[in-house]
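Here is the structure we will look at.
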Protein chains: 2
Amino acid sequence: MNDFPASLNPVLYTEKGYDKLNAFLKKNDPSKIFVLVDSNTHSNCLSQFLQKLETSITTEVIEIESGEEFKNLQTCEGVWNVLSELEADRKSLMINLGGGVVTDLGGFVASTFKRGISFINVPTSLLAMVDASVGGKTGVDLGNLKNQIGIIIQPEMVLIDSSFLGTLPANEMRSGLAEILKHGLIASEEYWRKVTNLADLDLSDLDDIIKESVDIKARIVKKDPKEKNIRKTLNYGHTLGHAIESYCLTHPDRNKLLHGEAIAAGMILETFISHKLQDFPENKLQQINGLIKDMYGKESFSADDISEIKNLMKFDKKNERGNINFVLLKDIGAPVVDITVPDTVIDKAFEFYLNN
Amino acid sequence: MNDFPASLNPVLYTEKGYDKLNAFLKKNDPSKIFVLVDSNTHSNCLSQFLQKLETSITTEVIEIESGEEFKNLQTCEGVWNVLSELEADRKSLMINLGGGVVTDLGGFVASTFKRGISFINVPTSLLAMVDASVGGKTGVDLGNLKNQIGIIIQPEMVLIDSSFLGTLPANEMRSGLAEILKHGLIASEEYWRKVTNLADLDLSDLDDIIKESVDIKARIVKKDPKEKNIRKTLNYGHTLGHAIESYCLTHPDRNKLLHGEAIAAGMILETFISHKLQDFPENKLQQINGLIKDMYGKESFSADDISEIKNLMKFDKKNERGNINFVLLKDIGAPVVDITVPDTVIDKAFEFYLNN
């Protein structure tokens with residue numbers, strides 16, 4: 001496990017992944033294994049996963065409720081208490097089997113329990129496979145502020161088994177696809193073209209697409225593990241997207257948006273801003289706007305909504321000294337970071353989004 | 001700040017310390033400074049400390065309640081929320097001005113806020129100066145289990161100004177002295193002799209004693225940052241001591257013990273066990289027992305108390321695979337780690353403690 005830079009964890013796929021996982025268990029002989037699941041992965045993924053484990057080590061299952069609204073400190077406290085009651089020690093291993101809520105929260109819980117126990121992530125959603133699998137971000141929300149509490153720490157390994165996607169609802173697939181689209185926009189026009197022609201693809205293509213997305217993210221994280229510069233580009237669409245997600249999460253009269261659904265809207269808005277401020281080509285803006293709205297539909301935002309969303313952006317983790325920093329694009333594959341955007345341009349972006 | 005090993009932080013003293021702190025502020029130009037205090041250090045230390053700061057950076061003060069019973073996740077959540085409200089960003093700096101609760105909790109809060117902001121510790125209790133100043137342990141209690149949640153991370157620097165001790169109550173001084181005594185017992189008979197003749201010492205000696213204690217701890221942590229082996233010796237007296245502390249903290253009919261008071265009792269118990277299992281010299285056991293009881297008095301423990309204390313030891317962070325691991329001494333300055341102790345010997349240790 002030592003041939004990876006400190007800022008990256010090994011990502012392994014399906015059969016080879018299970019072989020490595022079983023070899024890891026044999027070599028490290030953890031005192032106990034704790035598999036963290038949510039109610040969905042408990043039903044849909046756990047038994048398939050446990051069948052692949054070849055070990056006689058005591059294995060306990062800890063279940064949390066599913067959904068972003070449970071990605072909070074109260075859920076952490078519950079899991080920490082169960083770990084204590086079940087006498088987890090520093091040689092225990094946690095395996096987080098689930099989507100981004102389970103892997104982000106589980107990584108944080110493990111790495112802070114008794115000042116840190118080992119953990120392995122087994123993402124079961126497309127979003128977690130292509131986004132949370134690399135980079136070591138862990139954490140939970142604070143009130144309606146996304147991922148405010150957490151640390152960066154690497155799991156021992158990440159095991160991606162795309163057969164878990166068989167039970168994933170269509171809206172969750174679409175949510176993961178948004179991060180794949182983002183990887184294309186910030187890093188590779190060729191990849192962007194490939195993934196926007198998904199209609200022609202079958203499941204074996206999906207494996208390749210996941211790998212390519214993971215590779216794009218890994219290349220970026222490796223260059224800038226501490227997010228001083230190029231790693232910020234992974235936040236494309238997220239400055240407005242996160243604020244939209246937070247806003248919808250806490251307004252009972254709005255439909256909750258999945259992460260990728262909010263990021264999809266954020267990418268249209270930020271591509272418009274890129275066009276205004278960085279000469280991003282207009283024809284590609286139109287193409288992106290059309291493509292994303294075909295897949296994700298269009299959200300409605302009143303003037304009040306927009307004002308509250310803009311207010312939420314001031315909690316964005318990329319902000320410095322009161323400035324809200326955007327990632328923008330000069331072209332597909334050509335990002336720039338730390339751009340301050342005038343308020344009027346943000347308003348115009350919402351106008352474009354709503355009227356096109 | 002780069003000439004220290006990754007596992008150690010710089011420890012600076014009084015005037016030179018303030019010079020370095022001001023130089024740090026000038027060089028790093030944090031976006032805001034947040035000084036975390038408790039109600040005691042707010043009254044007794046804050047204005048003296050702020051007078052030494054030479055900076056025009058906006059400085060906010062965050063106060064928590066004082067006492068071990070507030071070293072918990074609820075207090076963390078309160079501080080995280082205030083940081084959010086006051087728009088702390090990743091360039092903000094937190095300065096933890098207080099005893100071990102403030103530095104342990106403040107370090108954890110800072111290093112998990114937006115996945116980590118910089119922090120500096122300014123310990124104001126003797127215990128925090130000689131114990132929490134080196135090694136990067138941060139964290140909070142989970143229910144009555146001490147320091148179950150936390151991470152190891154280094155502050156930018158630690159500034160020790162012994163003039164803060166002028167307002168420290170006598171029992172708090174005595175609590176800090178227990179860790180100084182421990183450093184003698186595990187590392188140096190000469191230092192042990194020096195610190196057990198404290199009656200002859202004045203405040204300038206205290207500065208030297210603090211430095212020597214910090215140096216002993218730093219040497220040990222440097223050799224074994226991950227606590228695989230020799231760093232465990234810093235837990236001498238703590239296996240039983242922590243359990244006694246937890247027990248007294250949660251039983252309303254018992255006086256709460258300060259950390260060092262509990263460790264003092266733990267050191268007598270574990271020195272007796274060392275005598276039984278590791279041939280620690282009997283005359284020194286008697287001397288240690290007499291000396292510690294002269295300073296700390298004797299606690300009473302019923303059979304029920306002892307049974308509950310033994311039960312609490314199973315949550316000790318050094319445990320592995322269900323074994324409770326003790327640090328014992330072959331002699332003063334000659335520790336051994338990872339020793340399992342039969343239950344009957346623990347009972348005999350309590351008998352010795354109560355009857356001598």
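Each chain in the structure tokens gets a letter, A, B, ..., in the order shown, and its residues are numbered from 1; ligands are numbered from 1 in order too.
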Using only C-alpha atoms, what table do you get, as CSV, when you list each residue of segment 99-146 of chain B with an atom no more than 12 Å from segment 249-263 of chain B, its nearest pair of atoms, and their distance in Å rounded to one decimal, rows by chain then rising number?
```
residue,atom,partner,partner_atom,distance
B:Gly99,CA,B:His259,CA,11.4
B:Gly100,CA,B:His259,CA,9.7
B:Val101,CA,B:His259,CA,10.7
B:Ser125,CA,B:Gly260,CA,11.6
B:Leu126,CA,B:Gly260,CA,10.3
B:Leu127,CA,B:Gly260,CA,7.6
B:Ala128,CA,B:His259,CA,10.7
B:Val130,CA,B:Gly260,CA,11.6
B:Asp131,CA,B:Gly260,CA,10.5
B:Asp141,CA,B:Leu249,CA,11.4
B:Gly143,CA,B:Thr250,CA,9.0
B:Asn144,CA,B:Thr250,CA,6.5
B:Leu145,CA,B:Leu249,CA,9.8
B:Lys146,CA,B:Leu249,CA,10.1
```
Using N, CA and C atoms, can you export the residues from the last selection as a PDB file, in the first residue's frame?
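Generated file (result.pdb):
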```pdb
ATOM      1  N   GLY B  99      -6.259  26.307  29.930  1.00  0.00           N
ATOM      2  CA  GLY B  99      -5.733  25.032  30.384  1.00  0.00           C
ATOM      3  C   GLY B  99      -5.959  23.948  29.343  1.00  0.00           C
ATOM      4  N   GLY B 100      -5.799  22.700  29.758  1.00  0.00           N
ATOM      5  CA  GLY B 100      -5.874  21.572  28.823  1.00  0.00           C
ATOM      6  C   GLY B 100      -7.217  21.449  28.126  1.00  0.00           C
ATOM      7  N   VAL B 101      -8.300  21.807  28.804  1.00  0.00           N
ATOM      8  CA  VAL B 101      -9.609  21.713  28.148  1.00  0.00           C
ATOM      9  C   VAL B 101      -9.655  22.666  26.951  1.00  0.00           C
ATOM     10  N   SER B 125      -2.267  26.804  32.358  1.00  0.00           N
ATOM     11  CA  SER B 125      -2.163  25.995  33.577  1.00  0.00           C
ATOM     12  C   SER B 125      -0.855  25.226  33.530  1.00  0.00           C
ATOM     13  N   LEU B 126      -0.354  24.863  34.694  1.00  0.00           N
ATOM     14  CA  LEU B 126       0.892  24.092  34.738  1.00  0.00           C
ATOM     15  C   LEU B 126       0.715  22.767  34.001  1.00  0.00           C
ATOM     16  N   LEU B 127      -0.455  22.150  34.191  1.00  0.00           N
ATOM     17  CA  LEU B 127      -0.720  20.875  33.519  1.00  0.00           C
ATOM     18  C   LEU B 127      -0.632  21.026  32.002  1.00  0.00           C
ATOM     19  N   ALA B 128      -1.273  22.029  31.463  1.00  0.00           N
ATOM     20  CA  ALA B 128      -1.251  22.216  30.010  1.00  0.00           C
ATOM     21  C   ALA B 128       0.152  22.572  29.536  1.00  0.00           C
ATOM     22  N   VAL B 130       3.096  21.557  30.784  1.00  0.00           N
ATOM     23  CA  VAL B 130       4.050  20.439  30.771  1.00  0.00           C
ATOM     24  C   VAL B 130       3.507  19.223  30.042  1.00  0.00           C
ATOM     25  N   ASP B 131       2.209  19.193  29.773  1.00  0.00           N
ATOM     26  CA  ASP B 131       1.643  17.969  29.198  1.00  0.00           C
ATOM     27  C   ASP B 131       1.079  18.210  27.804  1.00  0.00           C
ATOM     28  N   ASP B 141     -14.077  14.657  25.292  1.00  0.00           N
ATOM     29  CA  ASP B 141     -14.619  13.450  25.912  1.00  0.00           C
ATOM     30  C   ASP B 141     -15.900  13.025  25.192  1.00  0.00           C
ATOM     31  N   GLY B 143     -19.273  11.326  26.436  1.00  0.00           N
ATOM     32  CA  GLY B 143     -19.885  10.924  27.706  1.00  0.00           C
ATOM     33  C   GLY B 143     -18.830  11.015  28.794  1.00  0.00           C
ATOM     34  N   ASN B 144     -18.657   9.949  29.571  1.00  0.00           N
ATOM     35  CA  ASN B 144     -17.635   9.997  30.621  1.00  0.00           C
ATOM     36  C   ASN B 144     -16.306   9.401  30.170  1.00  0.00           C
ATOM     37  N   LEU B 145     -16.167   9.130  28.886  1.00  0.00           N
ATOM     38  CA  LEU B 145     -14.913   8.536  28.400  1.00  0.00           C
ATOM     39  C   LEU B 145     -13.984   9.649  27.917  1.00  0.00           C
ATOM     40  N   LYS B 146     -12.824   9.725  28.542  1.00  0.00           N
ATOM     41  CA  LYS B 146     -11.919  10.842  28.327  1.00  0.00           C
ATOM     42  C   LYS B 146     -11.267  10.809  26.941  1.00  0.00           C
TER      43      LYS B 146
END
```
- Message: Using only C-alpha atoms and a cut-off of 9 Å, which residues of chain B sit close to chain A? Please list them as a PyMOL selection string.
- Response: chain B and resi 30-32+73+77+80-81+84-85+87-92+109+111-116+137-139+142-143+145+147-152+314-322
- Just the residues within 12 Å of segment 222-231 of chain B, please, counting only C-alpha atoms, with nothing from its chain fewer than 5 positions along; format it as an NGL selection string. (:A and (90-91 or 115-116)) or (:B and (4-9 or 134-137 or 151-154 or 183 or 186-187 or 214-217 or 236 or 317-320 or 325-328 or 334-339))
Put those residues in a file: C-alpha atoms, as a PDB file, in the first residue's frame.
```pdb
ATOM      1  CA  ARG A  90      -7.150   1.313  17.734  1.00  0.00           C
ATOM      2  CA  LYS A  91      -6.595  -1.932  15.807  1.00  0.00           C
ATOM      3  CA  ARG A 115      -7.539   9.757  17.635  1.00  0.00           C
ATOM      4  CA  GLY A 116      -7.901   7.621  14.550  1.00  0.00           C
TER       5      GLY A 116
ATOM      6  CA  PHE B   4      10.933  21.036  13.693  1.00  0.00           C
ATOM      7  CA  PRO B   5      10.101  17.426  12.913  1.00  0.00           C
ATOM      8  CA  ALA B   6       6.587  16.904  11.611  1.00  0.00           C
ATOM      9  CA  SER B   7       5.555  15.252  14.840  1.00  0.00           C
ATOM     10  CA  LEU B   8       6.673  18.159  17.022  1.00  0.00           C
ATOM     11  CA  ASN B   9       5.665  21.761  17.265  1.00  0.00           C
ATOM     12  CA  VAL B 134       3.919  18.851  23.022  1.00  0.00           C
ATOM     13  CA  GLY B 135       2.664  15.936  20.964  1.00  0.00           C
ATOM     14  CA  GLY B 136      -0.285  17.303  19.077  1.00  0.00           C
ATOM     15  CA  LYS B 137      -3.039  15.427  20.877  1.00  0.00           C
ATOM     16  CA  ILE B 151      -6.962  13.688  16.200  1.00  0.00           C
ATOM     17  CA  ILE B 152      -3.220  14.166  16.423  1.00  0.00           C
ATOM     18  CA  ILE B 153      -2.190  17.408  14.749  1.00  0.00           C
ATOM     19  CA  GLN B 154       0.480  19.980  15.511  1.00  0.00           C
ATOM     20  CA  HIS B 183       8.108  12.637  33.694  1.00  0.00           C
ATOM     21  CA  ILE B 186       9.435   7.354  33.519  1.00  0.00           C
ATOM     22  CA  ALA B 187      12.545   9.192  32.336  1.00  0.00           C
ATOM     23  CA  VAL B 214       8.680  19.746  28.037  1.00  0.00           C
ATOM     24  CA  ASP B 215      12.074  18.486  26.843  1.00  0.00           C
ATOM     25  CA  ILE B 216      11.516  15.031  28.339  1.00  0.00           C
ATOM     26  CA  LYS B 217       8.140  14.766  26.648  1.00  0.00           C
ATOM     27  CA  TYR B 236       2.238   5.926  33.217  1.00  0.00           C
ATOM     28  CA  LYS B 317      -7.221   3.983  24.260  1.00  0.00           C
ATOM     29  CA  LYS B 318      -4.072   1.841  24.631  1.00  0.00           C
ATOM     30  CA  ASN B 319      -6.094  -1.374  24.779  1.00  0.00           C
ATOM     31  CA  GLU B 320      -5.816  -3.854  21.954  1.00  0.00           C
ATOM     32  CA  ASN B 325      -2.277  -2.699  28.487  1.00  0.00           C
ATOM     33  CA  PHE B 326      -0.332  -1.126  31.340  1.00  0.00           C
ATOM     34  CA  VAL B 327       2.881   0.852  31.364  1.00  0.00           C
ATOM     35  CA  LEU B 328       4.984  -0.372  34.290  1.00  0.00           C
ATOM     36  CA  ALA B 334      13.127   2.317  33.257  1.00  0.00           C
ATOM     37  CA  PRO B 335       9.606   1.836  31.856  1.00  0.00           C
ATOM     38  CA  VAL B 336       8.130  -1.159  30.036  1.00  0.00           C
ATOM     39  CA  VAL B 337       4.952  -1.074  27.931  1.00  0.00           C
ATOM     40  CA  ASP B 338       2.063  -3.344  26.906  1.00  0.00           C
ATOM     41  CA  ILE B 339       1.917  -5.374  30.109  1.00  0.00           C
TER      42      ILE B 339
END
```
- Task: Kindly give the distance, in Å, that separates atom CA of Tyr296 of chain B and atom CA of Glu69 of chain B, rounded to a single decimal.
- Result: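 Separating atom CA of Tyr296 of chain B from atom CA of Glu69 of chain B is a distance of 21.7 Å.
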